[in-house]
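Text of data_23.pdb, listed as PDB, C-alpha atoms and all ligand atoms:
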```
MODEL        1
ATOM      1  CA  MET A 269      63.208   0.542 -15.278  1.00  0.00           C
ATOM      2  CA  ALA A 270      63.414  -1.594 -12.159  1.00  0.00           C
ATOM      3  CA  GLU A 271      64.455  -4.561 -14.234  1.00  0.00           C
ATOM      4  CA  HIS A 272      67.309  -2.560 -15.756  1.00  0.00           C
ATOM      5  CA  ALA A 273      68.605  -1.540 -12.331  1.00  0.00           C
ATOM      6  CA  ASP A 274      68.430  -5.136 -11.192  1.00  0.00           C
ATOM      7  CA  LEU A 275      70.402  -6.272 -14.211  1.00  0.00           C
ATOM      8  CA  LYS A 276      73.273  -4.021 -13.227  1.00  0.00           C
ATOM      9  CA  ARG A 277      73.202  -5.163  -9.641  1.00  0.00           C
ATOM     10  CA  ASN A 278      73.253  -8.855 -10.329  1.00  0.00           C
ATOM     11  CA  ARG A 279      75.393  -9.200 -13.434  1.00  0.00           C
ATOM     12  CA  GLY A 280      77.302 -12.409 -13.768  1.00  0.00           C
ATOM     13  CA  ASN A 281      74.914 -14.846 -12.142  1.00  0.00           C
ATOM     14  CA  THR A 282      74.750 -17.571 -14.726  1.00  0.00           C
ATOM     15  CA  ILE A 283      72.061 -20.202 -14.392  1.00  0.00           C
ATOM     16  CA  LEU A 284      71.730 -23.293 -16.562  1.00  0.00           C
ATOM     17  CA  VAL A 285      68.357 -24.997 -16.882  1.00  0.00           C
ATOM     18  CA  PHE A 286      68.394 -28.493 -18.342  1.00  0.00           C
ATOM     19  CA  GLY A 287      65.577 -30.369 -20.023  1.00  0.00           C
ATOM     20  CA  ALA A 288      65.755 -33.712 -21.766  1.00  0.00           C
ATOM     21  CA  HIS A 289      63.330 -32.500 -24.475  1.00  0.00           C
ATOM     22  CA  PRO A 290      62.328 -29.132 -25.944  1.00  0.00           C
ATOM     23  CA  ASP A 291      59.230 -28.417 -23.814  1.00  0.00           C
ATOM     24  CA  ASP A 292      60.297 -29.778 -20.421  1.00  0.00           C
ATOM     25  CA  ILE A 293      61.664 -26.695 -18.709  1.00  0.00           C
ATOM     26  CA  GLU A 294      58.596 -24.572 -19.448  1.00  0.00           C
ATOM     27  CA  ILE A 295      56.347 -27.117 -17.745  1.00  0.00           C
ATOM     28  CA  GLY A 296      58.670 -27.493 -14.787  1.00  0.00           C
ATOM     29  CA  MET A 297      59.778 -23.959 -14.038  1.00  0.00           C
ATOM     30  CA  ALA A 298      58.840 -21.289 -16.603  1.00  0.00           C
ATOM     31  CA  GLY A 299      57.571 -18.943 -13.891  1.00  0.00           C
ATOM     32  CA  THR A 300      60.772 -19.268 -11.887  1.00  0.00           C
ATOM     33  CA  ILE A 301      62.811 -18.595 -15.033  1.00  0.00           C
ATOM     34  CA  CYS A 302      60.857 -15.353 -15.532  1.00  0.00           C
ATOM     35  CA  ARG A 303      61.684 -14.315 -11.969  1.00  0.00           C
ATOM     36  CA  LEU A 304      65.329 -15.279 -12.365  1.00  0.00           C
ATOM     37  CA  THR A 305      65.728 -13.274 -15.553  1.00  0.00           C
ATOM     38  CA  ALA A 306      63.726 -10.305 -14.204  1.00  0.00           C
ATOM     39  CA  CYS A 307      66.200  -9.829 -11.369  1.00  0.00           C
ATOM     40  CA  GLY A 308      69.291  -9.943 -13.516  1.00  0.00           C
ATOM     41  CA  ASN A 309      70.423 -13.529 -13.740  1.00  0.00           C
ATOM     42  CA  GLU A 310      71.644 -14.778 -17.100  1.00  0.00           C
ATOM     43  CA  VAL A 311      69.588 -17.886 -17.744  1.00  0.00           C
ATOM     44  CA  TYR A 312      70.520 -20.370 -20.465  1.00  0.00           C
ATOM     45  CA  SER A 313      68.487 -23.426 -21.310  1.00  0.00           C
ATOM     46  CA  CYS A 314      70.002 -26.670 -22.467  1.00  0.00           C
ATOM     47  CA  ILE A 315      67.999 -29.302 -24.331  1.00  0.00           C
ATOM     48  CA  ALA A 316      69.657 -32.708 -24.199  1.00  0.00           C
ATOM     49  CA  SER A 317      67.902 -34.284 -27.183  1.00  0.00           C
ATOM     50  CA  VAL A 318      65.263 -33.494 -29.803  1.00  0.00           C
ATOM     51  CA  PRO A 319      63.195 -36.622 -30.438  1.00  0.00           C
ATOM     52  CA  ASP A 320      61.492 -35.576 -33.687  1.00  0.00           C
ATOM     53  CA  LYS A 321      60.816 -32.682 -36.100  1.00  0.00           C
ATOM     54  CA  ARG A 322      64.166 -31.247 -35.068  1.00  0.00           C
ATOM     55  CA  GLU A 323      64.045 -27.849 -36.752  1.00  0.00           C
ATOM     56  CA  SER A 324      60.478 -26.945 -35.868  1.00  0.00           C
ATOM     57  CA  ARG A 325      60.806 -28.123 -32.278  1.00  0.00           C
ATOM     58  CA  ILE A 326      63.998 -26.095 -31.760  1.00  0.00           C
ATOM     59  CA  LYS A 327      62.174 -23.099 -33.217  1.00  0.00           C
ATOM     60  CA  GLU A 328      59.338 -23.629 -30.710  1.00  0.00           C
ATOM     61  CA  ALA A 329      61.883 -23.830 -27.884  1.00  0.00           C
ATOM     62  CA  ARG A 330      63.477 -20.572 -29.048  1.00  0.00           C
ATOM     63  CA  ASP A 331      60.074 -18.864 -29.194  1.00  0.00           C
ATOM     64  CA  ALA A 332      59.360 -20.042 -25.639  1.00  0.00           C
ATOM     65  CA  ALA A 333      62.816 -18.848 -24.533  1.00  0.00           C
ATOM     66  CA  MET A 334      62.059 -15.352 -25.858  1.00  0.00           C
ATOM     67  CA  ILE A 335      58.889 -15.230 -23.750  1.00  0.00           C
ATOM     68  CA  LEU A 336      60.830 -16.168 -20.611  1.00  0.00           C
ATOM     69  CA  GLY A 337      63.890 -13.958 -21.120  1.00  0.00           C
ATOM     70  CA  ILE A 338      66.309 -16.834 -21.630  1.00  0.00           C
ATOM     71  CA  LYS A 339      69.546 -15.615 -23.203  1.00  0.00           C
ATOM     72  CA  ASP A 340      70.179 -18.611 -25.429  1.00  0.00           C
ATOM     73  CA  VAL A 341      69.047 -22.164 -26.051  1.00  0.00           C
ATOM     74  CA  ILE A 342      71.771 -24.803 -26.250  1.00  0.00           C
ATOM     75  CA  VAL A 343      70.895 -28.056 -27.979  1.00  0.00           C
ATOM     76  CA  LEU A 344      73.237 -30.941 -27.243  1.00  0.00           C
ATOM     77  CA  PRO A 345      74.209 -33.183 -30.184  1.00  0.00           C
ATOM     78  CA  ILE A 346      72.840 -36.306 -28.497  1.00  0.00           C
ATOM     79  CA  LYS A 347      70.589 -38.613 -30.493  1.00  0.00           C
ATOM     80  CA  ALA A 348      67.489 -39.950 -28.718  1.00  0.00           C
ATOM     81  CA  ALA A 349      68.919 -43.484 -28.613  1.00  0.00           C
ATOM     82  CA  GLN A 350      72.210 -42.213 -27.111  1.00  0.00           C
ATOM     83  CA  LEU A 351      70.613 -40.228 -24.314  1.00  0.00           C
ATOM     84  CA  GLY A 352      71.314 -42.224 -21.185  1.00  0.00           C
ATOM     85  CA  TYR A 353      73.402 -42.388 -18.068  1.00  0.00           C
ATOM     86  CA  ASN A 354      76.502 -42.957 -20.160  1.00  0.00           C
ATOM     87  CA  ARG A 355      79.789 -41.401 -21.189  1.00  0.00           C
ATOM     88  CA  ILE A 356      78.375 -39.669 -24.285  1.00  0.00           C
ATOM     89  CA  SER A 357      75.680 -37.837 -22.322  1.00  0.00           C
ATOM     90  CA  ILE A 358      77.850 -37.071 -19.282  1.00  0.00           C
ATOM     91  CA  GLY A 359      80.638 -35.788 -21.562  1.00  0.00           C
ATOM     92  CA  ALA A 360      78.242 -33.466 -23.421  1.00  0.00           C
ATOM     93  CA  ILE A 361      76.790 -32.092 -20.174  1.00  0.00           C
ATOM     94  CA  ASP A 362      80.283 -31.727 -18.678  1.00  0.00           C
ATOM     95  CA  SER A 363      81.351 -29.573 -21.607  1.00  0.00           C
ATOM     96  CA  VAL A 364      78.344 -27.229 -21.324  1.00  0.00           C
ATOM     97  CA  ILE A 365      78.933 -26.789 -17.595  1.00  0.00           C
ATOM     98  CA  LYS A 366      82.616 -26.134 -18.193  1.00  0.00           C
ATOM     99  CA  GLN A 367      81.793 -23.506 -20.799  1.00  0.00           C
ATOM    100  CA  PHE A 368      79.134 -21.629 -18.822  1.00  0.00           C
ATOM    101  CA  GLN A 369      80.436 -22.055 -15.248  1.00  0.00           C
ATOM    102  CA  PRO A 370      76.932 -21.719 -13.793  1.00  0.00           C
ATOM    103  CA  LYS A 371      76.220 -20.656 -10.237  1.00  0.00           C
ATOM    104  CA  SER A 372      73.096 -22.783 -10.208  1.00  0.00           C
ATOM    105  CA  VAL A 373      71.798 -25.668 -12.291  1.00  0.00           C
ATOM    106  CA  PHE A 374      68.161 -26.719 -12.550  1.00  0.00           C
ATOM    107  CA  THR A 375      67.168 -30.119 -13.850  1.00  0.00           C
ATOM    108  CA  HIS A 376      64.483 -32.810 -13.831  1.00  0.00           C
ATOM    109  CA  TRP A 377      63.404 -34.569 -10.690  1.00  0.00           C
ATOM    110  CA  VAL A 378      65.571 -37.668 -10.403  1.00  0.00           C
ATOM    111  CA  GLU A 379      62.489 -39.833  -9.699  1.00  0.00           C
ATOM    112  CA  ASP A 380      60.564 -38.579 -12.768  1.00  0.00           C
ATOM    113  CA  SER A 381      58.604 -41.278 -14.611  1.00  0.00           C
ATOM    114  CA  HIS A 382      60.369 -40.650 -17.965  1.00  0.00           C
ATOM    115  CA  GLN A 383      63.716 -42.397 -18.378  1.00  0.00           C
ATOM    116  CA  ASP A 384      65.219 -39.545 -20.445  1.00  0.00           C
ATOM    117  CA  HIS A 385      64.402 -37.048 -17.706  1.00  0.00           C
ATOM    118  CA  VAL A 386      65.975 -39.248 -15.054  1.00  0.00           C
ATOM    119  CA  ASN A 387      69.090 -39.838 -17.143  1.00  0.00           C
ATOM    120  CA  VAL A 388      69.717 -36.126 -17.681  1.00  0.00           C
ATOM    121  CA  THR A 389      69.662 -35.561 -13.942  1.00  0.00           C
ATOM    122  CA  ARG A 390      71.886 -38.533 -13.223  1.00  0.00           C
ATOM    123  CA  CYS A 391      74.399 -37.146 -15.745  1.00  0.00           C
ATOM    124  CA  ILE A 392      74.270 -33.751 -14.041  1.00  0.00           C
ATOM    125  CA  ILE A 393      74.864 -35.358 -10.657  1.00  0.00           C
ATOM    126  CA  ALA A 394      77.903 -37.064 -12.222  1.00  0.00           C
ATOM    127  CA  ALA A 395      79.040 -33.687 -13.572  1.00  0.00           C
ATOM    128  CA  THR A 396      78.989 -32.188 -10.080  1.00  0.00           C
ATOM    129  CA  ARG A 397      82.043 -34.266  -9.219  1.00  0.00           C
ATOM    130  CA  LYS A 398      84.336 -31.439 -10.302  1.00  0.00           C
ATOM    131  CA  ASN A 399      82.146 -28.370  -9.982  1.00  0.00           C
ATOM    132  CA  HIS A 400      80.629 -26.255  -7.227  1.00  0.00           C
ATOM    133  CA  PHE A 401      77.232 -25.174  -8.519  1.00  0.00           C
ATOM    134  CA  ASN A 402      73.912 -25.432  -6.715  1.00  0.00           C
ATOM    135  CA  VAL A 403      71.595 -28.139  -8.032  1.00  0.00           C
ATOM    136  CA  TYR A 404      67.815 -27.861  -7.905  1.00  0.00           C
ATOM    137  CA  MET A 405      65.298 -30.294  -9.395  1.00  0.00           C
ATOM    138  CA  TYR A 406      61.973 -29.103 -10.760  1.00  0.00           C
ATOM    139  CA  GLU A 407      58.832 -31.159 -10.407  1.00  0.00           C
ATOM    140  CA  GLN A 408      57.917 -34.152 -12.534  1.00  0.00           C
ATOM    141  CA  THR A 409      57.344 -33.077 -16.108  1.00  0.00           C
ATOM    142  CA  ILE A 410      54.177 -35.020 -16.890  1.00  0.00           C
ATOM    143  CA  PRO A 411      51.624 -33.865 -14.292  1.00  0.00           C
ATOM    144  CA  GLY A 412      49.826 -37.217 -14.355  1.00  0.00           C
ATOM    145  CA  GLY A 413      52.908 -39.465 -14.307  1.00  0.00           C
ATOM    146  CA  ILE A 414      52.881 -42.052 -11.558  1.00  0.00           C
ATOM    147  CA  THR A 415      56.067 -42.904  -9.697  1.00  0.00           C
ATOM    148  CA  PRO A 416      56.778 -44.987  -6.606  1.00  0.00           C
ATOM    149  CA  ALA A 417      58.558 -42.041  -4.969  1.00  0.00           C
ATOM    150  CA  GLY A 418      57.030 -38.836  -3.651  1.00  0.00           C
ATOM    151  CA  PHE A 419      58.253 -35.387  -4.686  1.00  0.00           C
ATOM    152  CA  ARG A 420      59.333 -33.415  -1.642  1.00  0.00           C
ATOM    153  CA  ALA A 421      58.546 -29.764  -2.277  1.00  0.00           C
ATOM    154  CA  GLN A 422      61.506 -28.359  -0.347  1.00  0.00           C
ATOM    155  CA  TYR A 423      61.763 -25.004  -2.077  1.00  0.00           C
ATOM    156  CA  LEU A 424      58.693 -23.161  -3.313  1.00  0.00           C
ATOM    157  CA  VAL A 425      58.797 -20.092  -5.543  1.00  0.00           C
ATOM    158  CA  ASP A 426      55.981 -17.569  -5.912  1.00  0.00           C
ATOM    159  CA  VAL A 427      55.353 -17.244  -9.653  1.00  0.00           C
ATOM    160  CA  SER A 428      51.933 -15.537  -9.481  1.00  0.00           C
ATOM    161  CA  LYS A 429      53.156 -12.580 -11.513  1.00  0.00           C
ATOM    162  CA  TYR A 430      54.423 -14.820 -14.278  1.00  0.00           C
ATOM    163  CA  ILE A 431      51.710 -17.445 -14.726  1.00  0.00           C
ATOM    164  CA  ASP A 432      50.525 -15.973 -18.039  1.00  0.00           C
ATOM    165  CA  ARG A 433      54.052 -16.054 -19.441  1.00  0.00           C
ATOM    166  CA  LYS A 434      54.446 -19.617 -18.211  1.00  0.00           C
ATOM    167  CA  MET A 435      51.291 -20.681 -20.043  1.00  0.00           C
ATOM    168  CA  ALA A 436      52.318 -18.743 -23.179  1.00  0.00           C
ATOM    169  CA  SER A 437      55.702 -20.471 -23.180  1.00  0.00           C
ATOM    170  CA  ILE A 438      54.017 -23.875 -22.979  1.00  0.00           C
ATOM    171  CA  HIS A 439      51.663 -22.950 -25.814  1.00  0.00           C
ATOM    172  CA  ALA A 440      54.671 -21.872 -27.888  1.00  0.00           C
ATOM    173  CA  HIS A 441      55.274 -25.608 -28.282  1.00  0.00           C
ATOM    174  CA  ALA A 442      52.389 -25.712 -30.738  1.00  0.00           C
ATOM    175  CA  SER A 443      53.278 -29.161 -32.087  1.00  0.00           C
ATOM    176  CA  GLN A 444      52.718 -30.661 -28.637  1.00  0.00           C
ATOM    177  CA  LEU A 445      49.249 -29.213 -28.057  1.00  0.00           C
ATOM    178  CA  PRO A 446      47.256 -31.587 -30.299  1.00  0.00           C
ATOM    179  CA  ARG A 447      49.440 -34.465 -29.201  1.00  0.00           C
ATOM    180  CA  ASN A 448      48.932 -33.949 -25.486  1.00  0.00           C
ATOM    181  CA  GLY A 449      45.369 -32.638 -25.522  1.00  0.00           C
ATOM    182  CA  PRO A 450      43.804 -29.543 -23.919  1.00  0.00           C
ATOM    183  CA  ARG A 451      43.979 -30.904 -20.372  1.00  0.00           C
ATOM    184  CA  TRP A 452      47.785 -31.080 -20.552  1.00  0.00           C
ATOM    185  CA  SER A 453      48.552 -27.403 -20.064  1.00  0.00           C
ATOM    186  CA  GLU A 454      45.589 -26.973 -17.722  1.00  0.00           C
ATOM    187  CA  GLY A 455      47.053 -29.781 -15.609  1.00  0.00           C
ATOM    188  CA  VAL A 456      50.287 -27.828 -15.392  1.00  0.00           C
ATOM    189  CA  ARG A 457      48.405 -24.677 -14.415  1.00  0.00           C
ATOM    190  CA  GLY A 458      46.437 -26.614 -11.801  1.00  0.00           C
ATOM    191  CA  ARG A 459      49.624 -27.916 -10.262  1.00  0.00           C
ATOM    192  CA  ALA A 460      51.037 -24.371 -10.122  1.00  0.00           C
ATOM    193  CA  MET A 461      47.862 -23.296  -8.359  1.00  0.00           C
ATOM    194  CA  TYR A 462      48.250 -26.124  -5.837  1.00  0.00           C
ATOM    195  CA  ARG A 463      51.886 -25.183  -5.180  1.00  0.00           C
ATOM    196  CA  GLY A 464      50.843 -21.556  -4.808  1.00  0.00           C
ATOM    197  CA  TYR A 465      48.168 -22.523  -2.321  1.00  0.00           C
ATOM    198  CA  GLN A 466      50.844 -24.178  -0.199  1.00  0.00           C
ATOM    199  CA  ILE A 467      52.636 -20.850   0.229  1.00  0.00           C
ATOM    200  CA  ASN A 468      49.527 -18.635   0.338  1.00  0.00           C
ATOM    201  CA  VAL A 469      49.941 -17.083  -3.096  1.00  0.00           C
ATOM    202  CA  GLU A 470      48.093 -17.643  -6.359  1.00  0.00           C
ATOM    203  CA  TYR A 471      50.670 -19.698  -8.263  1.00  0.00           C
ATOM    204  CA  GLY A 472      53.906 -21.421  -7.333  1.00  0.00           C
ATOM    205  CA  GLU A 473      56.543 -23.830  -8.564  1.00  0.00           C
ATOM    206  CA  ALA A 474      58.269 -26.403  -6.390  1.00  0.00           C
ATOM    207  CA  PHE A 475      61.792 -27.794  -6.280  1.00  0.00           C
ATOM    208  CA  GLU A 476      63.791 -30.487  -4.553  1.00  0.00           C
ATOM    209  CA  ILE A 477      67.353 -29.639  -3.673  1.00  0.00           C
ATOM    210  CA  ILE A 478      70.349 -31.841  -4.351  1.00  0.00           C
ATOM    211  CA  LYS A 479      72.876 -29.365  -2.981  1.00  0.00           C
ATOM    212  CA  ILE A 480      73.341 -25.709  -2.211  1.00  0.00           C
ATOM    213  CA  ASN A 481      76.864 -24.460  -2.084  1.00  0.00           C
ATOM    214  CA  GLY A 482      76.348 -21.735   0.484  1.00  0.00           C
ATOM    215  CA  ASP A 483      74.679 -19.117  -1.730  1.00  0.00           C
ATOM    216  CA  THR A 484      70.887 -19.293  -1.886  1.00  0.00           C
ATOM    217  CA  ASN A 485      70.377 -15.785  -3.225  1.00  0.00           C
ATOM    218  CA  LEU A 486      68.727 -16.749  -6.508  1.00  0.00           C
ATOM    219  CA  PHE A 487      66.531 -13.669  -6.712  1.00  0.00           C
ATOM    220  CA  ASN A 488      69.029 -11.003  -5.817  1.00  0.00           C
ATOM    221  CA  GLY A 489      67.483 -10.337  -2.454  1.00  0.00           C
ATOM    222  CA  GLU A 490      64.010  -9.743  -3.838  1.00  0.00           C
ATOM    223  CA  THR A 491      61.270 -11.498  -1.958  1.00  0.00           C
ATOM    224  CA  GLU A 492      58.101  -9.580  -2.730  1.00  0.00           C
ATOM    225  CA  VAL A 493      56.860 -10.651  -6.124  1.00  0.00           C
ATOM    226  CA  GLY A 494      53.255 -11.771  -6.138  1.00  0.00           C
ATOM    227  CA  GLU A 495      50.226 -10.474  -4.329  1.00  0.00           C
ATOM    228  CA  VAL A 496      48.840 -12.440  -1.427  1.00  0.00           C
ATOM    229  CA  ALA A 497      45.861 -14.305  -2.860  1.00  0.00           C
ATOM    230  CA  PRO A 498      42.581 -12.495  -2.011  1.00  0.00           C
ATOM    231  CA  GLU A 499      41.252 -15.376   0.058  1.00  0.00           C
ATOM    232  CA  TYR A 500      44.165 -14.927   2.470  1.00  0.00           C
ATOM    233  CA  ALA A 501      43.975 -11.155   2.722  1.00  0.00           C
ATOM    234  CA  ASP A 502      41.803 -11.151   5.851  1.00  0.00           C
ATOM    235  CA  ALA A 503      42.991 -14.489   7.236  1.00  0.00           C
ATOM    236  CA  GLY A 504      44.708 -12.801  10.180  1.00  0.00           C
ATOM    237  CA  GLU A 505      41.542 -11.047  11.249  1.00  0.00           C
ATOM    238  CA  SER A 506      39.493 -14.236  11.073  1.00  0.00           C
ATOM    239  CA  ALA A 507      42.069 -16.021  13.180  1.00  0.00           C
ATOM    240  CA  GLU A 508      41.858 -13.315  15.842  1.00  0.00           C
ATOM    241  CA  GLU A 509      38.088 -13.616  15.878  1.00  0.00           C
ATOM    242  CA  LEU A 510      38.384 -17.346  16.310  1.00  0.00           C
ATOM    243  CA  VAL A 511      40.789 -16.948  19.204  1.00  0.00           C
ATOM    244  CA  SER A 512      38.592 -14.418  20.984  1.00  0.00           C
ATOM    245  CA  VAL A 513      35.572 -16.665  20.499  1.00  0.00           C
ATOM    246  CA  SER A 514      37.409 -19.609  21.986  1.00  0.00           C
ATOM    247  CA  PHE A 515      38.461 -17.538  25.029  1.00  0.00           C
ATOM    248  CA  GLN A 516      34.848 -16.862  25.867  1.00  0.00           C
ATOM    249  CA  PHE A 517      34.396 -20.452  27.005  1.00  0.00           C
TER     250      PHE A 517
HETATM  251 ZN    ZN B 601      60.561 -34.578 -21.706  1.00  0.00          ZN
ENDMDL
END
```
Go ahead and express the file in the form of C-alpha cells.
Ligand SMILES: [Zn+2]
Amino acid sequence: MAEHADLKRNRGNTILVFGAHPDDIEIGMAGTICRLTACGNEVYSCIASVPDKRESRIKEARDAAMILGIKDVIVLPIKAAQLGYNRISIGAIDSVIKQFQPKSVFTHWVEDSHQDHVNVTRCIIAATRKNHFNVYMYEQTIPGGITPAGFRAQYLVDVSKYIDRKMASIHAHASQLPRNGPRWSEGVRGRAMYRGYQINVEYGEAFEIIKINGDTNLFNGETEVGEVAPEYADAGESAEELVSVSFQF
C-alpha cells in the first residue's frame, strides 16, 4: 500500500544503472536498487556486453531484475572485444541516455580492477558532456580485487531491509556460482555488513560521486528504512554512563 502511494508521488524519476556484464549491478548496488524502486523511481539496468552464454546469462539478468523491481533490462549490442573507451561504446551509451533521459546514472567505480568496468564508466563520463544527470559509482565489483587507488565511500545507503533480495538477485546468476565459488557471494554480503557498520545499521552499500546536479533526493524524501542494529540500540546510554564515570575523577 505504502509502495503504491510512493509510486504516485515520485513518478517520472528515471534512473539508469550500468554494468559491463550481466551480474555486476547486483553485486554493486542491488539493495539500493530495491530502495529506489520501492519509493517510486523507474529503474532500468543496462548491460554493456555479454561475454558468453548470451541467452542464458540475459535470462539470469532478467530474473535478477524481477527480484529488484527493475522495469527493464537493456543489453547493448557491443561485442566483448569492442567494449572499450572508444566511439562504438560511447555511441551506444549515448543513445541509451538520450532515449531514457535519466535523472541519475549509476555505474562502476572508475578505478575498478576490471578493464571492462573501467571502460563503461569512462564512456559514461564522456556521455555527460551533453547531459545533466547525476553520476554515482558503486563499489568495486570483485570484492577481492586489488587496485592502487582507494574507494572513497562518500555516499552510504542503508540497505538492511533489502539484504535478502540482494543475495537472491546475486544467486539468480546461477551460472556464476560454481565459477566464482561459495565465498564470492558471502564476500559481497560481508562487504555490505562492513558498509552498514560504518553508518550504524546492519547492511549498507557505498558510492563515490562524480557529480550531483543539484537534486540529491533519490529516495523521495524517505530516510527511515532499516532498523538500527541491536548492538547500537543502547549505545547512547552507555556513552552517558562513560561520561558520568569520567566526571567522577
Ligand atoms: Zn563485470
Task: Close residues, Ile301 (chain A) itself excluded, 10 Å, all atoms listed in the file, min 6 positions apart in chain, as a list in words - done: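 The filter keeps Ile283, Val285, Ile293, Glu294, Asn309, Glu310, Val311, Tyr312, Ser313, Ala333, Leu336, Gly337, Ile338, Val427, Tyr430 and Lys434 of chain A.
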Would you save the residues of that selection, restricted to C-alpha atoms, as a PDB file, keeping the file's coordinate frame?
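Okay, this is what ended up in result_14.pdb:
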```
ATOM      1  CA  ILE A 283      72.061 -20.202 -14.392  1.00  0.00           C
ATOM      2  CA  VAL A 285      68.357 -24.997 -16.882  1.00  0.00           C
ATOM      3  CA  ILE A 293      61.664 -26.695 -18.709  1.00  0.00           C
ATOM      4  CA  GLU A 294      58.596 -24.572 -19.448  1.00  0.00           C
ATOM      5  CA  ASN A 309      70.423 -13.529 -13.740  1.00  0.00           C
ATOM      6  CA  GLU A 310      71.644 -14.778 -17.100  1.00  0.00           C
ATOM      7  CA  VAL A 311      69.588 -17.886 -17.744  1.00  0.00           C
ATOM      8  CA  TYR A 312      70.520 -20.370 -20.465  1.00  0.00           C
ATOM      9  CA  SER A 313      68.487 -23.426 -21.310  1.00  0.00           C
ATOM     10  CA  ALA A 333      62.816 -18.848 -24.533  1.00  0.00           C
ATOM     11  CA  LEU A 336      60.830 -16.168 -20.611  1.00  0.00           C
ATOM     12  CA  GLY A 337      63.890 -13.958 -21.120  1.00  0.00           C
ATOM     13  CA  ILE A 338      66.309 -16.834 -21.630  1.00  0.00           C
ATOM     14  CA  VAL A 427      55.353 -17.244  -9.653  1.00  0.00           C
ATOM     15  CA  TYR A 430      54.423 -14.820 -14.278  1.00  0.00           C
ATOM     16  CA  LYS A 434      54.446 -19.617 -18.211  1.00  0.00           C
TER      17      LYS A 434
END
```
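Across A:His376, A:Arg330, A:Arg325, A:Arg355, the tightest approach to ligand ZN 601 (chain B) is made by A:His376 when counting all atoms listed in the file.
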Open item on the list: Applying the PyMOL selection byres (((chain A and resi 466) around 12) and not hetatm) to the file I just gave you, which residues come out? Please list them as a ChimeraX atom specification.
Closed with: /A:421-426,459-465,467-474,496-497,500
- [ ] Could I get the residue neighbourhood of ligand ZN 601 (chain B) at 6 Å, counting all atoms listed in the file, as a PyMOL selection string?
- [x] chain A and resi 288-289+292
Task: Result set of the PyMOL selection byres (((chain A and resi 339-349) around 9) and not hetatm) on the coordinates above, as a list in words - done: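 Selected by the PyMOL selection byres (((chain A and resi 339-349) around 9) and not hetatm) here: Pro290, Thr305, Glu310, Val311, Tyr312, Ser313, Cys314, Ile315, Ala316, Ser317, Val318, Pro319, Asp320, Ile326, Ala329, Arg330, Ala333, Met334, Gly337, Ile338, Gln350, Leu351, Gly352, Ile356, Ser357, Ala360, Ile361, Val364 and Asp384 of chain A.
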TODO: Counting only C-alpha atoms, write as a ChimeraX atom specification all protein and nucleic acid residues lying at most 6 Å from (56.1, -17.0, -18.7) in the file's frame.
DONE: /A:298-299,302,336,430-434,437
- [ ] Work out how far apart CA of Thr409 (chain A) and CA of Gly489 (chain A) are and give it in Å to one decimal.
- [x]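 CA of Gly489 (chain A) lies 28.4 Å from CA of Thr409 (chain A).
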Please list, as a PDB file with C-alpha atoms, in the coordinates of the input, the residues that have an atom at most 9 Å away from (54.5, -22.4, -24.1) in the coordinates of this file, counting all atoms listed in the file.
```
ATOM      1  CA  ASP A 291      59.230 -28.417 -23.814  1.00  0.00           C
ATOM      2  CA  GLU A 294      58.596 -24.572 -19.448  1.00  0.00           C
ATOM      3  CA  ILE A 295      56.347 -27.117 -17.745  1.00  0.00           C
ATOM      4  CA  ALA A 298      58.840 -21.289 -16.603  1.00  0.00           C
ATOM      5  CA  GLU A 328      59.338 -23.629 -30.710  1.00  0.00           C
ATOM      6  CA  ALA A 329      61.883 -23.830 -27.884  1.00  0.00           C
ATOM      7  CA  ASP A 331      60.074 -18.864 -29.194  1.00  0.00           C
ATOM      8  CA  ALA A 332      59.360 -20.042 -25.639  1.00  0.00           C
ATOM      9  CA  ILE A 335      58.889 -15.230 -23.750  1.00  0.00           C
ATOM     10  CA  ARG A 433      54.052 -16.054 -19.441  1.00  0.00           C
ATOM     11  CA  LYS A 434      54.446 -19.617 -18.211  1.00  0.00           C
ATOM     12  CA  MET A 435      51.291 -20.681 -20.043  1.00  0.00           C
ATOM     13  CA  ALA A 436      52.318 -18.743 -23.179  1.00  0.00           C
ATOM     14  CA  SER A 437      55.702 -20.471 -23.180  1.00  0.00           C
ATOM     15  CA  ILE A 438      54.017 -23.875 -22.979  1.00  0.00           C
ATOM     16  CA  HIS A 439      51.663 -22.950 -25.814  1.00  0.00           C
ATOM     17  CA  ALA A 440      54.671 -21.872 -27.888  1.00  0.00           C
ATOM     18  CA  HIS A 441      55.274 -25.608 -28.282  1.00  0.00           C
ATOM     19  CA  ALA A 442      52.389 -25.712 -30.738  1.00  0.00           C
ATOM     20  CA  SER A 453      48.552 -27.403 -20.064  1.00  0.00           C
TER      21      SER A 453
END
```
Task: Counting all atoms listed in the file, the option among A:Phe487, A:Tyr406, A:Phe419, A:Tyr353 closest to Asn387 (chain A) - done: A:Tyr353
TODO: To one decimal in Å, tell me the separation between CA of Val378 (chain A) and CA of Gln408 (chain A).
DONE: 8.7 Å
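The residues caught by the PyMOL selection byres (((chain A and resi 374) around 7) and not hetatm) in this file are A:Leu284, A:Val285, A:Phe286, A:Ser372, A:Val373, A:Thr375, A:Val403, A:Tyr404, A:Met405, A:Tyr406.
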- [ ] Would you please work out which residue, of A:Lys321, A:Phe401, A:Thr389, A:Gly412, is nearest to Phe368 (chain A) when using all atoms listed in the file?
- [x] A:Phe401
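The nearest approach to Lys479 (chain A) among the residues A:Arg303, A:Lys366, A:Arg322, A:His400, with all atoms listed in the file taken into account, belongs to A:His400.
The space separating CA of Ile358 (chain A) from CA of Ala395 (chain A) comes to 6.7 Å.
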Open item on the list: Nearest residue to Trp452 (chain A) out of A:Glu490, A:Ala394, A:Ile410, A:Ile478, using all atoms listed in the file?
Closed with: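 Nearest candidate to Trp452 (chain A) out of A:Glu490, A:Ala394, A:Ile410, A:Ile478: A:Ile410.
Each of A:Ser428, A:Gln444, A:Ser381, A:Asn485 was checked against Leu304 (chain A) using all atoms listed in the file; the smallest atom-to-atom distance is that of A:Asn485.
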With 5 Å on each side, where is the centre of the axis-aligned box around all listed atoms of region 383-397 of chain A, and how long are its edges in Å to one decimal, as lines of an AutoDock Vina configuration file?
```
center_x = 72.9
center_y = -37.3
center_z = -14.8
size_x = 28.3
size_y = 20.2
size_z = 21.2
```
